[in-house]
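So this block is structure.cif, mmCIF, C-alpha atoms:
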data_protein
#
loop_
_atom_site.label_atom_id
_atom_site.label_comp_id
_atom_site.auth_asym_id
_atom_site.auth_seq_id
_atom_site.Cartn_x
_atom_site.Cartn_y
_atom_site.Cartn_z
CA MET T 15 49.74 107.99 -11.81
CA ALA T 16 53.13 109.32 -11.28
CA VAL T 17 53.42 112.96 -10.22
CA GLY T 18 56.34 115.13 -11.41
CA ALA T 19 57.52 113.23 -14.45
CA ARG T 20 61.29 113.06 -15.06
CA SER T 21 63.13 114.30 -18.15
CA GLY T 22 63.05 110.95 -19.88
CA ARG T 23 66.08 109.36 -18.20
CA ASP T 24 67.03 108.23 -14.78
CA GLU T 25 69.42 110.24 -12.57
CA GLY T 26 73.01 109.52 -13.30
CA GLU T 27 72.24 108.21 -16.74
CA GLU T 28 74.44 109.80 -19.41
CA ARG T 29 73.14 110.55 -22.87
CA PRO T 30 75.30 109.99 -25.95
CA ASP T 31 75.11 113.66 -27.03
CA ASP T 32 76.49 114.75 -23.64
CA ALA T 33 79.56 112.66 -24.24
CA GLU T 34 80.01 114.16 -27.69
CA ARG T 35 79.82 117.72 -26.36
CA GLY T 36 82.36 116.89 -23.69
CA ALA T 37 84.75 115.52 -26.28
CA GLU T 38 84.33 118.63 -28.42
CA GLY T 39 85.08 120.84 -25.41
CA GLU T 40 88.25 118.92 -24.73
CA ASP T 41 89.33 119.25 -28.37
CA SER T 42 88.69 123.02 -28.48
CA GLY T 43 90.64 123.51 -25.31
CA ALA T 44 93.52 121.54 -26.74
CA GLU T 45 93.49 123.61 -29.94
CA ALA T 46 93.43 127.06 -28.19
CA LYS T 47 96.73 128.89 -28.76
CA PRO T 48 98.52 130.28 -25.73
CA HIS T 49 99.00 134.07 -25.49
CA ARG T 50 102.25 135.38 -26.92
CA SER T 51 104.69 136.45 -24.26
CA PHE T 52 105.50 140.11 -23.68
CA TRP T 53 109.08 139.61 -24.85
CA LYS T 54 107.90 138.25 -28.20
CA GLU T 55 105.56 141.22 -28.71
CA LEU T 56 108.15 143.78 -27.61
CA PRO T 57 109.92 144.04 -31.03
CA LEU T 58 106.56 144.70 -32.70
CA LEU T 59 105.74 147.43 -30.18
CA ILE T 60 109.14 149.03 -30.68
CA GLY T 61 108.70 148.92 -34.45
CA ILE T 62 105.31 150.62 -34.26
CA ALA T 63 106.69 153.25 -31.87
CA LEU T 64 109.60 154.02 -34.21
CA LEU T 65 107.27 154.28 -37.20
CA LEU T 66 105.02 156.70 -35.34
CA ALA T 67 108.05 158.74 -34.24
CA LEU T 68 109.23 158.95 -37.86
CA LEU T 69 105.80 160.12 -39.03
CA ILE T 70 105.64 162.71 -36.23
CA LYS T 71 109.12 163.98 -37.12
CA THR T 72 108.25 164.24 -40.81
CA PHE T 73 104.84 165.86 -40.58
CA LEU T 74 104.11 167.15 -37.06
CA VAL T 75 106.88 168.06 -34.61
CA GLN T 76 110.67 167.84 -34.65
CA ALA T 77 113.27 168.57 -32.01
CA PHE T 78 116.14 170.94 -32.75
CA SER T 79 119.24 171.79 -30.74
CA ILE T 80 120.39 175.38 -30.27
CA PRO T 81 124.05 175.48 -31.40
CA SER T 82 124.96 179.12 -30.67
CA ASP T 83 124.26 182.14 -28.47
CA SER T 84 122.52 184.23 -31.17
CA MET T 85 119.07 183.88 -29.54
CA GLN T 86 120.02 184.61 -25.92
CA ASN T 87 118.38 185.04 -23.51
CA THR T 88 115.29 183.59 -25.12
CA LEU T 89 117.23 180.45 -26.03
CA GLN T 90 120.49 179.19 -24.60
CA ARG T 91 123.15 177.13 -26.30
CA GLY T 92 122.22 173.46 -25.87
CA ASP T 93 118.47 174.02 -25.46
CA ARG T 94 116.18 171.59 -27.28
CA VAL T 95 113.17 173.21 -28.90
CA LEU T 96 110.12 171.57 -30.45
CA VAL T 97 109.19 172.92 -33.86
CA ASP T 98 105.68 172.84 -35.28
CA LYS T 99 106.00 171.42 -38.81
CA LEU T 100 102.30 170.76 -39.35
CA THR T 101 101.03 174.32 -39.76
CA PRO T 102 103.09 175.10 -42.90
CA TRP T 103 101.50 172.08 -44.58
CA PHE T 104 98.20 173.97 -44.55
CA GLY T 105 99.69 177.02 -46.27
CA SER T 106 100.33 179.08 -43.16
CA GLU T 107 103.29 181.46 -43.39
CA PRO T 108 105.45 182.85 -40.56
CA GLU T 109 104.05 185.79 -38.60
CA ARG T 110 105.86 188.75 -37.08
CA GLY T 111 107.45 187.84 -33.76
CA GLU T 112 107.59 184.09 -34.28
CA VAL T 113 110.81 182.22 -33.58
CA VAL T 114 111.36 180.06 -36.66
CA VAL T 115 113.74 177.35 -37.81
CA PHE T 116 114.77 177.55 -41.47
CA HIS T 117 117.15 175.90 -43.88
CA ASP T 118 120.27 177.87 -44.72
CA PRO T 119 119.04 180.19 -47.53
CA ALA T 120 122.37 181.29 -49.02
CA SER T 121 125.36 179.68 -47.26
CA TRP T 122 124.89 181.67 -44.08
CA LEU T 123 126.62 178.82 -42.23
CA ALA T 124 129.58 178.57 -44.58
CA GLY T 125 132.70 177.77 -42.60
CA GLU T 126 130.81 176.78 -39.47
CA PRO T 127 132.02 173.44 -38.03
CA THR T 128 129.62 170.50 -38.12
CA PRO T 129 129.80 168.11 -35.13
CA GLU T 130 130.30 164.43 -35.90
CA PRO T 131 127.42 162.39 -34.40
CA ASN T 132 127.97 158.93 -32.95
CA PHE T 133 125.99 155.88 -34.05
CA ALA T 134 123.31 156.26 -31.37
CA GLN T 135 122.78 159.93 -32.25
CA GLN T 136 122.43 159.03 -35.92
CA ILE T 137 119.70 156.50 -35.16
CA LEU T 138 117.83 158.79 -32.79
CA SER T 139 118.03 161.72 -35.20
CA LYS T 140 116.50 159.65 -38.01
CA ILE T 141 113.40 158.97 -35.91
CA GLY T 142 113.16 162.51 -34.60
CA LEU T 143 114.11 161.84 -31.00
CA MET T 144 117.24 163.93 -31.44
CA PRO T 145 118.07 166.73 -33.88
CA SER T 146 120.27 165.86 -36.82
CA ALA T 147 123.81 167.13 -36.47
CA ASP T 148 124.38 167.51 -40.22
CA GLU T 149 121.30 169.59 -41.05
CA LYS T 150 122.18 173.17 -42.03
CA ASP T 151 119.41 174.95 -40.15
CA LEU T 152 119.20 178.27 -38.33
CA ILE T 153 116.84 179.73 -35.75
CA LYS T 154 115.93 183.43 -35.56
CA ARG T 155 112.99 185.69 -34.78
CA THR T 156 110.74 186.85 -37.62
CA ILE T 157 110.77 190.66 -37.54
CA ALA T 158 109.00 191.49 -40.82
CA ILE T 159 107.01 189.51 -43.39
CA GLY T 160 106.34 189.94 -47.10
CA GLY T 161 105.13 193.46 -47.90
CA ASP T 162 106.38 194.99 -44.62
CA THR T 163 108.72 197.96 -44.58
CA VAL T 164 111.41 197.62 -41.93
CA GLU T 165 114.32 199.80 -40.84
CA CYS T 166 116.60 200.48 -37.91
CA LYS T 167 118.85 203.50 -37.56
CA LYS T 168 121.86 203.64 -35.25
CA GLY T 169 120.72 204.63 -31.79
CA GLY T 170 117.07 203.97 -32.62
CA PRO T 171 114.59 201.10 -32.43
CA VAL T 172 113.54 198.66 -35.11
CA VAL T 173 110.59 200.15 -37.02
CA VAL T 174 108.05 197.99 -38.89
CA ASN T 175 105.49 199.75 -41.09
CA GLY T 176 106.12 202.97 -39.19
CA LYS T 177 105.65 201.34 -35.76
CA GLU T 178 108.55 201.29 -33.31
CA LEU T 179 109.17 197.93 -31.67
CA ASP T 180 109.61 197.68 -27.92
CA GLU T 181 111.82 194.58 -27.72
CA PRO T 182 112.18 193.29 -24.15
CA TYR T 183 113.50 189.97 -25.49
CA ILE T 184 116.77 191.56 -26.68
CA TYR T 185 119.84 190.38 -24.77
CA PRO T 186 120.60 192.70 -21.82
CA GLY T 187 123.06 195.41 -22.77
CA ASN T 188 122.45 195.03 -26.51
CA THR T 189 121.08 197.72 -28.81
CA PRO T 190 118.45 197.00 -31.46
CA CYS T 191 120.90 197.41 -34.37
CA ASP T 192 123.84 199.72 -33.59
CA ASP T 193 126.29 197.11 -34.87
CA ALA T 194 124.53 196.88 -38.24
CA PRO T 195 121.85 199.53 -38.94
CA PHE T 196 119.78 199.09 -42.10
CA GLY T 197 116.87 200.25 -44.21
CA PRO T 198 114.34 201.29 -44.90
CA ILE T 199 113.64 198.22 -47.03
CA THR T 200 110.47 196.42 -48.05
CA VAL T 201 110.37 192.65 -47.69
CA PRO T 202 109.38 190.93 -50.96
CA LYS T 203 106.30 188.72 -50.97
CA GLY T 204 107.08 185.13 -50.03
CA LYS T 205 110.05 186.11 -47.85
CA ILE T 206 110.77 187.18 -44.27
CA TRP T 207 113.31 189.36 -42.46
CA VAL T 208 114.88 187.71 -39.41
CA MET T 209 117.04 188.88 -36.53
CA GLY T 210 118.55 187.19 -33.49
CA ASP T 211 117.63 188.27 -29.97
CA HIS T 212 121.32 188.60 -29.10
CA ARG T 213 121.74 191.40 -31.63
CA GLN T 214 125.45 191.96 -31.20
CA ASN T 215 126.14 188.24 -31.57
CA SER T 216 123.84 187.26 -34.43
CA GLN T 217 124.74 186.93 -38.10
CA ASP T 218 121.16 187.51 -39.23
CA SER T 219 119.46 189.19 -42.21
CA ARG T 220 121.42 192.41 -41.64
CA TYR T 221 124.73 190.70 -42.40
CA HIS T 222 123.58 189.00 -45.61
CA MET T 223 122.11 191.89 -47.57
CA GLN T 224 124.78 191.40 -50.24
CA ASP T 225 123.93 187.72 -50.71
CA SER T 226 121.79 186.35 -53.50
CA THR T 227 118.72 186.56 -51.24
CA GLN T 228 119.57 190.14 -50.07
CA GLY T 229 119.23 188.96 -46.48
CA PHE T 230 115.67 187.73 -46.89
CA VAL T 231 114.64 184.17 -46.04
CA PRO T 232 112.28 182.50 -48.54
CA VAL T 233 109.15 181.18 -46.86
CA ASP T 234 109.64 177.79 -48.52
CA LYS T 235 112.91 177.47 -46.57
CA VAL T 236 111.10 177.72 -43.23
CA VAL T 237 110.86 174.36 -41.45
CA GLY T 238 108.40 175.59 -38.84
CA ARG T 239 107.81 177.66 -35.75
CA ALA T 240 109.61 176.88 -32.49
CA VAL T 241 106.81 176.60 -29.93
CA VAL T 242 108.40 175.31 -26.74
CA VAL T 243 111.74 174.77 -25.02
CA ALA T 244 111.53 171.07 -24.15
CA TRP T 245 114.96 170.40 -22.66
CA PRO T 246 116.52 170.77 -20.18
CA ILE T 247 113.50 170.49 -17.91
CA THR T 248 114.66 173.45 -15.83
CA ARG T 249 114.42 175.60 -18.97
CA TRP T 250 110.94 174.44 -20.03
CA ALA T 251 108.98 177.37 -21.48
CA THR T 252 106.67 178.28 -24.33
CA LEU T 253 107.72 180.73 -27.06
CA PRO T 254 104.78 183.10 -27.58
CA ILE T 255 104.67 186.10 -29.91
CA PRO T 256 105.65 189.25 -27.94
CA ASP T 257 102.98 191.92 -27.45
CA THR T 258 104.99 194.49 -29.40
CA PHE T 259 103.94 192.73 -32.61
CA ASP T 260 100.24 193.07 -31.71
CA GLN T 261 100.20 196.88 -31.56
CA PRO T 262 97.54 198.55 -33.74
CA GLY T 263 98.64 199.57 -37.22
CA ILE T 264 101.74 197.40 -37.44
CA GLY T 265 100.15 195.45 -40.27
CA ASN T 266 99.30 198.56 -42.31
CA GLN T 267 101.72 197.95 -45.18
CA THR T 268 99.99 200.32 -47.61
CA LYS T 269 100.32 203.27 -45.27
CA ALA T 270 104.01 202.59 -44.71
CA THR T 271 104.69 202.54 -48.46
CA ALA T 272 102.66 205.69 -49.09
CA LEU T 273 104.70 207.55 -46.48
CA GLY T 274 107.89 206.69 -48.35
CA LEU T 275 109.25 204.35 -45.70
CA GLY T 276 110.56 201.82 -48.18
CA ALA T 277 110.19 199.97 -51.46
CA ALA T 278 110.73 196.49 -52.82
CA GLY T 279 114.41 195.70 -52.70
CA LEU T 280 116.99 197.82 -50.94
CA ALA T 281 116.26 201.31 -52.25
CA PRO T 282 114.00 203.67 -50.25
CA VAL T 283 111.38 205.70 -52.12
CA GLY T 284 110.31 209.29 -51.66
CA LEU T 285 106.83 210.76 -51.68
CA GLY T 286 106.75 211.46 -55.44
CA PRO T 287 103.98 213.04 -57.53
CA ALA T 288 101.92 209.86 -57.65
CA GLY T 289 102.18 209.46 -53.89
CA LEU T 290 101.26 213.09 -53.27
CA GLY T 291 98.29 212.80 -55.61
CA LEU T 292 97.08 209.67 -53.83
CA ALA T 293 97.59 211.25 -50.41
CA GLY T 294 95.57 214.30 -51.47
CA ALA T 295 92.79 212.33 -53.14
CA VAL T 296 92.05 210.00 -50.23
CA PRO T 297 90.69 212.68 -47.84
CA VAL T 298 88.53 214.16 -50.61
CA VAL T 299 87.03 210.79 -51.50
CA LEU T 300 86.37 209.96 -47.87
CA TRP T 301 84.71 213.38 -47.30
CA ARG T 302 82.48 212.91 -50.36
CA ARG T 303 81.44 209.40 -49.28
CA ARG T 304 80.58 210.70 -45.82
CA ARG T 305 78.36 213.40 -47.35
CA LEU T 306 76.58 210.91 -49.57
CA THR T 307 76.10 208.45 -46.71
CA SER T 308 74.69 211.08 -44.35
CA GLY T 309 72.32 212.31 -47.04
CA THR T 310 71.02 208.83 -47.69
CA THR T 311 70.44 207.93 -44.06
CA GLY T 312 68.64 211.25 -43.44
CA ARG T 313 65.82 210.41 -45.83
#
Is it possible to give me this structure as structure tokens?
Amino acid sequence: MAVGARSGRDEGEERPDDAERGAEGEDSGAEAKPHRSFWKELPLLIGIALLLALLIKTFLVQAFSIPSDSMQNTLQRGDRVLVDKLTPWFGSEPERGEVVVFHDPASWLAGEPTPEPNFAQQILSKIGLMPSADEKDLIKRTIAIGGDTVECKKGGPVVVNGKELDEPYIYPGNTPCDDAPFGPITVPKGKIWVMGDHRQNSQDSRYHMQDSTQGFVPVDKVVGRAVVVAWPITRWATLPIPDTFDQPGIGNQTKATALGLGAAGLAPVGLGPAGLGLAGAVPVVLWRRRRLTSGTTGR
């Protein structure tokens, strides 16, 4: 009796199915396509990159060039800033202190020369890698928003809702508004009041109060908030909201109106009979509520 039986064939003997599998392996290897070279895939990669850049420019972030000195020293002529365009899509409106880019609301840039871009600049601007040279956009700081009362007397500070602004961002040697004092005025809903940081070199809201928009910038004209100086690298910096706009009470629009600090449009209002009646009634109502509350909690 044989011990350790074999697999049914002698060593070295080849089965027919082995030959078939070998032939199939050779065929599959012959049919396998070689990998595409990097140079053939490069145009596809460039196309995808350009498409993504276009989407980012349209919906997320866009670069803008600073064409003037009106925002010194916060921004210098030639700086490139990145503007957040996504937030407005969700219904967010500009806040006090933000540096914003907006479309020309009422021919503020009339007569200003427009540089002629070369072919490369035209292509790069279309995909958002460079700002467009023919876009009529401005950049200023939001000082007051819809419902705010704002004023600035010669020799004094800018006042928003009765709160004086300490403005360390103003260009050294400038005054808050001595060249063009204004107010008090109340900003209509859906609009903002803007001023440049280089006050004596900025044609801002103060200089357009006789225009169709009365110097206000409609919120729907705002492209977005400038969030960072991206170029040149030596100037890289974020653009946060200054602390002066975080002071308590600056958002109290009702109190500012009741004190007669301004009204909708350009005409200030006084503390008339209705205002005096309201001012006198509020303390009485608060005193009565306090009495009722203390009586209830004492039971």
> Smallest atom-to-atom distance to Val201 of chain T: which of T:Gly170, T:Gly187, T:Gly161, T:Pro262, using only C-alpha atoms?
Replying inline: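 Counting only C-alpha atoms, the residue closest to Val201 of chain T is T:Gly161.
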>> What does the structure give for the distance between atom CA of Trp122 of chain T and atom CA of Gly176 of chain T, in Å to one decimal?
In response: 28.8 Å
>> Would you compute the distance between atom CA of His117 of chain T and atom CA of Asp151 of chain T? Give it in Å to one decimal.
In response: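 Spanning atom CA of His117 of chain T to atom CA of Asp151 of chain T is a straight-line distance of 4.5 Å.
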> What's the 8 Å shell around Lys205 of chain T, counting only C-alpha atoms, without same-chain residues fewer than 3 positions away, as a list of chain:residue names?
Replying inline: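 Listed by chain and then number, they are T:Ile159, T:Gly160, T:Val201, T:Pro202, T:Phe230, T:Val231, T:Pro232, T:Val233.
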How would the residues just picked look written out with C-alpha atoms as a PDB file, keeping the file's coordinate frame?
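Dumped to again_18.pdb:
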ATOM      1  CA  ILE T 159     107.010 189.510 -43.390  1.00  0.00           C
ATOM      2  CA  GLY T 160     106.340 189.940 -47.100  1.00  0.00           C
ATOM      3  CA  VAL T 201     110.370 192.650 -47.690  1.00  0.00           C
ATOM      4  CA  PRO T 202     109.380 190.930 -50.960  1.00  0.00           C
ATOM      5  CA  PHE T 230     115.670 187.730 -46.890  1.00  0.00           C
ATOM      6  CA  VAL T 231     114.640 184.170 -46.040  1.00  0.00           C
ATOM      7  CA  PRO T 232     112.280 182.500 -48.540  1.00  0.00           C
ATOM      8  CA  VAL T 233     109.150 181.180 -46.860  1.00  0.00           C
TER       9      VAL T 233
END
>> I'd like to see the residues matched by the PyMOL selection byres ((chain T and resi 93) around 6) on this file, and ideally I'd get them as JSON, numbers by chain.
In response: {"T": [79, 80, 90, 91, 92, 94, 245]}
May I have the selected residues written with C-alpha atoms, as a CSV table (one decimal), keeping the file's coordinate frame?
chain,number,residue,atom,x,y,z
T,79,SER,CA,119.2,171.8,-30.7
T,80,ILE,CA,120.4,175.4,-30.3
T,90,GLN,CA,120.5,179.2,-24.6
T,91,ARG,CA,123.2,177.1,-26.3
T,92,GLY,CA,122.2,173.5,-25.9
T,94,ARG,CA,116.2,171.6,-27.3
T,245,TRP,CA,115.0,170.4,-22.7
>> Calculated over only C-alpha atoms, which of the candidates T:Ile206, T:Val95, T:Ile255, T:Val113 has the smallest distance to Phe78 of chain T?
In response: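 Residue with the minimum atom-to-atom distance to Phe78 of chain T: T:Val95.
Remark: for Thr268 of chain T, the closest of the candidate residues T:Lys203, T:Tyr185, T:Asn175, T:Thr252 is T:Asn175 (distances computed over all atoms listed in the file).
Interatomic distance, atom CA of Leu100 of chain T against atom CA of Tyr183 of chain T: 26.2 Å.
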> Could you name the residues that touch Asn215 of chain T at 8 Å or less, counting all atoms listed in the file, but leaving out those on the same chain fewer than 4 positions away, as a PyMOL selection string?
Replying inline: chain T and resi 83-84+210
> So which residues touch Val208 of chain T within 8 Å, counting all atoms listed in the file, skipping near sequence neighbours fewer than 4 positions away, as an MDAnalysis selection string?
Replying inline: chainID T and resid 154:158 218:219 230:231
>> With only C-alpha atoms as the counted atoms, please give the residues lying no more than 12 Å from Ile184 of chain T, apart from itself and same-chain residues fewer than 6 positions off, as a list of chain:residue names.
In response: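 Returned residues: T:Ser84, T:Met85, T:Gln86, T:Asn87, T:Thr88, T:Leu89, T:Arg155, T:Pro171, T:Val172, T:Pro190, T:Cys191, T:Met209, T:Gly210, T:Asp211, T:His212, T:Arg213, T:Gln214, T:Asn215, T:Ser216, T:Pro256.
The smallest atom-to-atom distance between Gly197 of chain T and any of T:Leu179, T:Ile153, T:Val174, T:Cys166, using all atoms listed in the file, is found for T:Cys166.
The residue that comes closest to Asp234 of chain T, out of T:Val115, T:Leu253, T:Val164, T:Ile247 and on the basis of all atoms listed in the file, is T:Val115.
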What are the centre and the three edge lengths of an axis-aligned box that wraps all atoms of segment 192-211 of chain T in the file, given that 8 Å is added to every side, written as JSON and rounded to one decimal in Å?
{"center_x": 116.3, "center_y": 193.2, "center_z": -40.5, "size_x": 36.0, "size_y": 32.2, "size_z": 37.0}
>> When you count all atoms listed in the file, which of these residues is closest to Thr189 of chain T: T:Arg239, T:Thr227, T:Asp118, T:Lys168?
In response: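 The answer is T:Lys168, which sits nearest to Thr189 of chain T.
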